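Novice: Would you mind keeping the following structure in view while I ask a few things?
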Amino acid sequence: MFGRWLGSRAKSGTAQKSALAGFPVPHNAGMLSCRVLDPVSEPVQQADFVVTDSGGRKVVSGETDPFGNVVATVPPGDYRLGVTAEGFTPFHGPVAVAQGDHASLGDVSLQVAQPPQLPDPGDWEIEPAHTQIGFTARHIGMARIHGRFNTFAGAVRIGDRMEDSAMHVVIDASSIDTNVKMRDDHLRSGDFLDIERYPTLEFYSDRFVHRGGTRWGVIGALTLHGVSRTVTLDTHYLGLGNGLEGETRAACRATTELHREDFTLTWQTMVARGIAVVGPSIKIEMDIQIIPKADQG
């Protein structure tokens with residue numbers, strides 16, 4: 001709507017001034033805009049956009065509004081606008097912005113993307129050298145601590161229907177690594193993971209739910225600190241590829257959020273009134289590659 005309104009008003013000679021007047025544009029800047037549409041001319045909501053300069057550096061980024069609009073103020077210069085949305089092929093286009101001016105790309109139509117090929121049915125295994133299981137936790141209400149588990153193994157059985165697949169992952173709790181030995185030793189202790197009593201974390205799922213496009217929900221039981229809870233891995237399937245030796249690989253990214261108290265990880269110390277040393281939730285982020293199991297034909 002915004003893009004077409006600007007286009008239809010351009011002939012009046014005052015549209016540009018009116019458009020700029022409606023936004024807080026600094027005197028030494030300009031504005032760029034477009035409207036993102038799908039193949040049947042419906043607006044694409046929450047599409048990701050990024051504006052980069054001539055050197056490829058990000059200048060501004062965000063999401064389209066409910067009407068598919070992209071609106072940004074930038075210093076004068078030559079830019080490149082990139083737009084990506086789930087299930088569509090990306091758009092990239094140049095745009096030149098002059099000081100005090102409005103540069104409109106009009107309507108940008110995204111085309112439906114061909115979904116990536118799914119892995120063949122059969123037994124696959126997680127390839128540790130190209131897989132990372134990481135986590136992020138809030139520290140003293142401010143900074144974030146990043147860590148990972150260095151030792152793990154996993155298997156995936158791909159069903160004839162992807163929805164009938166199953167996954168089992170075992171993680172060595174002692175392999176936790178935040179790059180600070182004193183902190184890692186504390187995390188291994190009875191205050192947190194208590195690795196003497198609970199040496200592993202395990203995740204098992206036999207529910208793969210297609211959420212559209214390349215998005216899947218992998219729903220299963222996570223056993224941590226002796227407690228099992230149902231969790232959902234929000235998974236983005238990245239497709240198939242070939243390794244350096246020609247082997248077939250499938251890749252995905254997955255995230256979830258855990259609440260420590262759900263797994264009786266209740267150790268807590270306050271550094272000030274209401275400010276905890278460790279936050280109540282932990283974000284899990286995984287980059288996973290799987291390869292066909294070696295003993296398959």
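A note on labels: chains of the structure tokens are A, B, ... as shown, every chain counts residues from 1, and ligands are counted from 1 in their shown order.
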List as JSON, numbers by chain the protein and nucleic acid residues near A:Ile219, meaning an atom at most 10 Å away when only C-alpha atoms are counted, but skip any in the same chain fewer than 2 places from it.
Specialist: {"A": [166, 167, 203, 204, 205, 206, 207, 208, 209, 216, 217, 221, 222, 230, 231, 232, 233, 234]}
Novice: Given only C-alpha atoms as the basis, pick out the residue of A:Thr136, A:Thr235, A:Ser33, A:Thr223 nearest to A:Val97.
Specialist: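 Nearest candidate to A:Val97 out of A:Thr136, A:Thr235, A:Ser33, A:Thr223: A:Ser33.
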Novice: Would you mind listing what lies within 9 Å of A:Pro90 as a PyMOL selection string, with only C-alpha atoms counted and same-chain residues fewer than 3 positions away left out?
Specialist: chain A and resi 82-85+110-111+113
Novice: From a DSSP pass on the backbone, collect the residues of stretch 15-140 of chain A flagged as helix (DSSP H, G or I) and hand them back as a short mmCIF file (atom, residue, chain, number, x, y, z; two decimals) with all heavy atoms, in the first residue's frame.
Specialist:
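Writing the result to out-v2.cif gives the following:
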```
data_model
loop_
_atom_site.label_atom_id
_atom_site.label_comp_id
_atom_site.auth_asym_id
_atom_site.auth_seq_id
_atom_site.Cartn_x
_atom_site.Cartn_y
_atom_site.Cartn_z
N ALA A 15 4.39 14.73 -3.54
CA ALA A 15 4.36 13.44 -2.84
C ALA A 15 5.62 13.21 -2.05
O ALA A 15 5.60 12.76 -0.91
CB ALA A 15 4.15 12.31 -3.84
N GLN A 16 6.79 13.50 -2.67
CA GLN A 16 8.06 13.26 -2.01
C GLN A 16 8.15 14.09 -0.74
O GLN A 16 8.51 13.60 0.32
CB GLN A 16 9.19 13.61 -2.96
CG GLN A 16 10.58 13.39 -2.35
CD GLN A 16 11.64 13.68 -3.37
OE1 GLN A 16 11.71 13.06 -4.42
NE2 GLN A 16 12.48 14.64 -3.05
N LYS A 17 7.81 15.34 -0.81
CA LYS A 17 7.87 16.20 0.37
C LYS A 17 6.90 15.70 1.44
O LYS A 17 7.21 15.66 2.61
CB LYS A 17 7.54 17.64 -0.02
CG LYS A 17 7.66 18.63 1.14
CD LYS A 17 7.33 20.03 0.69
CE LYS A 17 8.37 20.55 -0.26
NZ LYS A 17 8.15 21.98 -0.61
N SER A 18 5.70 15.27 1.02
CA SER A 18 4.72 14.78 1.98
C SER A 18 5.20 13.52 2.65
O SER A 18 5.04 13.33 3.86
CB SER A 18 3.38 14.52 1.29
OG SER A 18 2.87 15.72 0.73
N ALA A 19 5.80 12.61 1.85
CA ALA A 19 6.28 11.37 2.43
C ALA A 19 7.39 11.63 3.43
O ALA A 19 7.40 11.08 4.53
CB ALA A 19 6.78 10.45 1.32
N LEU A 20 8.34 12.48 3.08
CA LEU A 20 9.43 12.79 4.00
C LEU A 20 8.92 13.52 5.23
O LEU A 20 9.44 13.33 6.33
CB LEU A 20 10.49 13.63 3.28
CG LEU A 20 11.33 12.89 2.24
CD1 LEU A 20 12.20 13.87 1.48
CD2 LEU A 20 12.19 11.83 2.90
N ALA A 21 7.89 14.34 5.05
CA ALA A 21 7.37 15.10 6.18
C ALA A 21 6.75 14.20 7.22
O ALA A 21 6.65 14.56 8.39
CB ALA A 21 6.34 16.12 5.69
N PRO A 128 30.25 -35.22 14.50
CA PRO A 128 30.66 -34.27 15.54
C PRO A 128 31.59 -33.15 15.05
O PRO A 128 31.53 -32.04 15.56
CB PRO A 128 31.38 -35.16 16.56
CG PRO A 128 30.85 -36.54 16.32
CD PRO A 128 30.59 -36.61 14.85
N ALA A 129 32.44 -33.45 14.06
CA ALA A 129 33.41 -32.44 13.61
C ALA A 129 32.74 -31.23 12.99
O ALA A 129 33.33 -30.15 12.95
CB ALA A 129 34.39 -33.07 12.63
N HIS A 130 31.51 -31.39 12.48
CA HIS A 130 30.82 -30.28 11.84
C HIS A 130 29.48 -29.98 12.53
O HIS A 130 28.55 -29.48 11.90
CB HIS A 130 30.60 -30.58 10.36
CG HIS A 130 31.87 -30.67 9.57
ND1 HIS A 130 32.53 -31.86 9.37
CD2 HIS A 130 32.62 -29.70 8.97
CE1 HIS A 130 33.63 -31.64 8.66
NE2 HIS A 130 33.70 -30.35 8.41
#
```
Novice: Among stretch 34-277 of chain A, which ones does DSSP assign to strand (DSSP E or B) (computed from the backbone)? Answer as JSON, numbers by chain.
Specialist: {"A": [34, 35, 36, 37, 43, 48, 49, 50, 51, 52, 58, 59, 60, 61, 62, 63, 69, 70, 71, 72, 73, 74, 77, 78, 79, 80, 81, 82, 83, 84, 88, 91, 92, 93, 94, 95, 96, 97, 102, 103, 104, 105, 106, 107, 108, 109, 112, 122, 123, 124, 125, 126, 132, 133, 134, 135, 136, 137, 138, 139, 143, 144, 145, 146, 147, 148, 149, 152, 153, 154, 155, 156, 157, 158, 166, 167, 168, 169, 170, 171, 172, 176, 177, 200, 201, 202, 203, 204, 205, 206, 207, 208, 209, 210, 215, 216, 217, 218, 219, 220, 221, 222, 223, 224, 227, 228, 229, 230, 231, 232, 233, 234, 235, 236, 237, 238, 239, 240, 241, 242, 248, 249, 250, 251, 252, 253, 254, 255, 256, 257, 258, 259, 270, 271, 272, 275, 276]}
Novice: I need the chosen residues saved as a short mmCIF file (atom, residue, chain, number, x, y, z; two decimals), in the first residue's frame, with C-alpha atoms.
Specialist:
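What ended up in out_37.cif:
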```cif
data_model
loop_
_atom_site.label_atom_id
_atom_site.label_comp_id
_atom_site.auth_asym_id
_atom_site.auth_seq_id
_atom_site.Cartn_x
_atom_site.Cartn_y
_atom_site.Cartn_z
CA CYS A 34 9.55 -0.63 -1.10
CA ARG A 35 6.62 -2.97 -0.60
CA VAL A 36 7.28 -6.71 -0.54
CA LEU A 37 4.63 -8.88 -2.24
CA PRO A 43 1.98 -8.39 1.25
CA ASP A 48 13.79 -9.84 6.83
CA PHE A 49 15.49 -6.96 5.06
CA VAL A 50 19.03 -5.59 5.22
CA VAL A 51 20.54 -2.51 3.62
CA THR A 52 24.28 -2.69 2.91
CA LYS A 58 25.27 -3.58 7.05
CA VAL A 59 23.73 -0.14 7.52
CA VAL A 60 20.24 -1.03 8.74
CA SER A 61 18.08 -4.15 9.01
CA GLY A 62 14.64 -5.15 10.19
CA GLU A 63 11.35 -6.77 9.20
CA ASN A 69 6.53 -2.25 3.75
CA VAL A 70 10.24 -1.53 4.07
CA VAL A 71 11.04 2.03 5.15
CA ALA A 72 14.51 3.19 6.23
CA THR A 73 16.43 6.45 6.60
CA VAL A 74 20.10 6.35 5.63
CA GLY A 77 24.90 7.03 -0.96
CA ASP A 78 24.63 3.90 -3.05
CA TYR A 79 23.15 0.88 -1.32
CA ARG A 80 21.97 -2.66 -1.90
CA LEU A 81 18.68 -3.90 -0.45
CA GLY A 82 18.30 -7.58 0.37
CA VAL A 83 14.96 -9.16 1.32
CA THR A 84 14.50 -12.74 2.51
CA PHE A 88 10.64 -17.48 -1.09
CA PHE A 91 15.62 -10.43 -3.55
CA HIS A 92 18.67 -8.18 -4.00
CA GLY A 93 18.58 -4.83 -5.73
CA PRO A 94 20.58 -1.57 -5.88
CA VAL A 95 19.19 1.75 -4.70
CA ALA A 96 20.73 5.22 -4.71
CA VAL A 97 19.64 7.64 -1.98
CA HIS A 102 13.05 9.57 -1.25
CA ALA A 103 14.14 6.54 -3.27
CA SER A 104 11.36 4.00 -3.84
CA LEU A 105 11.85 0.57 -5.38
CA GLY A 106 8.06 0.29 -5.67
CA ASP A 107 6.64 -3.23 -5.40
CA VAL A 108 9.15 -6.04 -4.96
CA SER A 109 7.68 -9.44 -5.88
CA VAL A 112 8.20 -19.15 -4.31
CA GLY A 122 17.47 -44.81 6.57
CA ASP A 123 19.93 -44.52 9.45
CA TRP A 124 22.05 -41.40 9.74
CA GLU A 125 24.46 -40.22 12.43
CA ILE A 126 25.50 -36.83 13.74
CA GLN A 132 28.05 -27.65 17.51
CA ILE A 133 25.80 -27.78 20.57
CA GLY A 134 25.99 -24.38 22.21
CA PHE A 135 24.16 -22.45 24.88
CA THR A 136 23.77 -18.89 26.13
CA ALA A 137 22.93 -17.81 29.68
CA ARG A 138 22.44 -14.41 31.25
CA HIS A 139 25.13 -13.38 33.75
CA ALA A 143 26.20 -9.86 29.95
CA ARG A 144 25.63 -13.20 28.25
CA ILE A 145 27.88 -16.20 28.76
CA HIS A 146 28.37 -18.46 25.75
CA GLY A 147 29.35 -22.09 26.07
CA ARG A 148 29.17 -25.46 24.36
CA PHE A 149 29.40 -29.20 24.91
CA PHE A 152 28.37 -35.94 22.11
CA ALA A 153 26.96 -38.58 19.79
CA GLY A 154 23.67 -38.91 18.02
CA ALA A 155 21.66 -40.93 15.54
CA VAL A 156 18.74 -40.01 13.31
CA ARG A 157 16.43 -42.52 11.65
CA ILE A 158 14.77 -40.88 8.65
CA ALA A 166 13.31 -40.32 15.19
CA MET A 167 16.38 -38.77 16.82
CA HIS A 168 18.53 -39.74 19.82
CA VAL A 169 21.39 -37.60 21.16
CA VAL A 170 23.65 -38.29 24.15
CA ILE A 171 25.85 -35.49 25.52
CA ASP A 172 28.77 -35.91 27.90
CA ILE A 176 30.82 -28.40 29.13
CA ASP A 177 33.10 -25.56 28.04
CA THR A 200 25.01 -37.44 30.50
CA LEU A 201 22.23 -35.37 29.00
CA GLU A 202 19.92 -37.22 26.61
CA PHE A 203 17.36 -36.14 24.05
CA TYR A 204 15.00 -38.54 22.30
CA SER A 205 12.32 -37.60 19.77
CA ASP A 206 9.99 -39.52 17.50
CA ARG A 207 7.82 -36.53 16.54
CA PHE A 208 8.85 -34.37 13.59
CA VAL A 209 6.17 -31.76 12.83
CA HIS A 210 6.30 -29.81 9.57
CA ARG A 215 10.70 -25.16 9.31
CA TRP A 216 10.16 -28.21 11.51
CA GLY A 217 9.38 -28.82 15.15
CA VAL A 218 11.30 -31.74 16.66
CA ILE A 219 9.44 -32.67 19.84
CA GLY A 220 10.91 -35.02 22.41
CA ALA A 221 12.08 -35.72 25.95
CA LEU A 222 15.21 -34.08 27.32
CA THR A 223 16.74 -35.74 30.38
CA LEU A 224 18.95 -33.33 32.29
CA VAL A 227 14.75 -34.90 35.24
CA SER A 228 12.91 -35.50 31.95
CA ARG A 229 10.86 -32.76 30.32
CA THR A 230 9.24 -32.38 26.92
CA VAL A 231 10.99 -29.78 24.78
CA THR A 232 10.59 -28.64 21.18
CA LEU A 233 13.53 -27.90 18.93
CA ASP A 234 12.60 -25.13 16.50
CA THR A 235 14.44 -26.43 13.47
CA HIS A 236 15.41 -24.83 10.16
CA TYR A 237 16.33 -27.49 7.60
CA LEU A 238 19.16 -26.30 5.32
CA GLY A 239 19.20 -29.08 2.75
CA LEU A 240 21.64 -31.64 1.34
CA GLY A 241 25.23 -31.21 0.25
CA ASN A 242 28.43 -33.12 -0.37
CA THR A 248 26.22 -36.88 1.37
CA ARG A 249 25.45 -34.52 4.24
CA ALA A 250 22.26 -32.96 5.54
CA ALA A 251 22.30 -29.87 7.73
CA CYS A 252 19.96 -27.96 10.00
CA ARG A 253 19.93 -25.31 12.73
CA ALA A 254 17.85 -25.81 15.86
CA THR A 255 17.06 -23.68 18.90
CA THR A 256 15.11 -24.03 22.12
CA GLU A 257 14.92 -22.37 25.52
CA LEU A 258 15.18 -24.21 28.82
CA HIS A 259 14.16 -23.00 32.26
CA MET A 270 22.28 -12.75 44.26
CA VAL A 271 24.87 -10.09 43.55
CA ALA A 272 22.34 -7.41 44.45
CA ILE A 275 19.79 -9.58 40.43
CA ALA A 276 20.90 -13.20 40.09
#
```
Novice: Which value, in Å to one decimal, gives the distance between atom CA of A:Val40 and atom CA of A:Pro66?
Specialist: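 Computing the Euclidean distance for atom CA of A:Val40 and atom CA of A:Pro66 yields 16.2 Å.
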Novice: Which distance in Å separates atom CA of A:Gly226 and atom CA of A:Asp191, to one decimal?
Specialist: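 Taking atom CA of A:Gly226 as the start and atom CA of A:Asp191 as the end point, the length is 13.6 Å.
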Novice: Ranking A:Ser41, A:Gln46, A:Thr178, A:Ser165 by minimum distance to A:Asp120 and counting only C-alpha atoms, which one comes first?
Specialist: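 Closest to A:Asp120 of all the choices is A:Ser165.
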Novice: Figure out the distance between atom CA of A:Arg260 and atom CA of A:Leu187, please, to one decimal in Å.
Specialist: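 Calculated distance between atom CA of A:Leu187 and atom CA of A:Arg260 is 12.6 Å.
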Novice: Rank nothing, just name the residue among A:Thr131, A:Val180, A:Gly190, A:Ala173 nearest to A:Ile288, using only C-alpha atoms.
Specialist: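 Counting only C-alpha atoms, the residue closest to A:Ile288 is A:Thr131.
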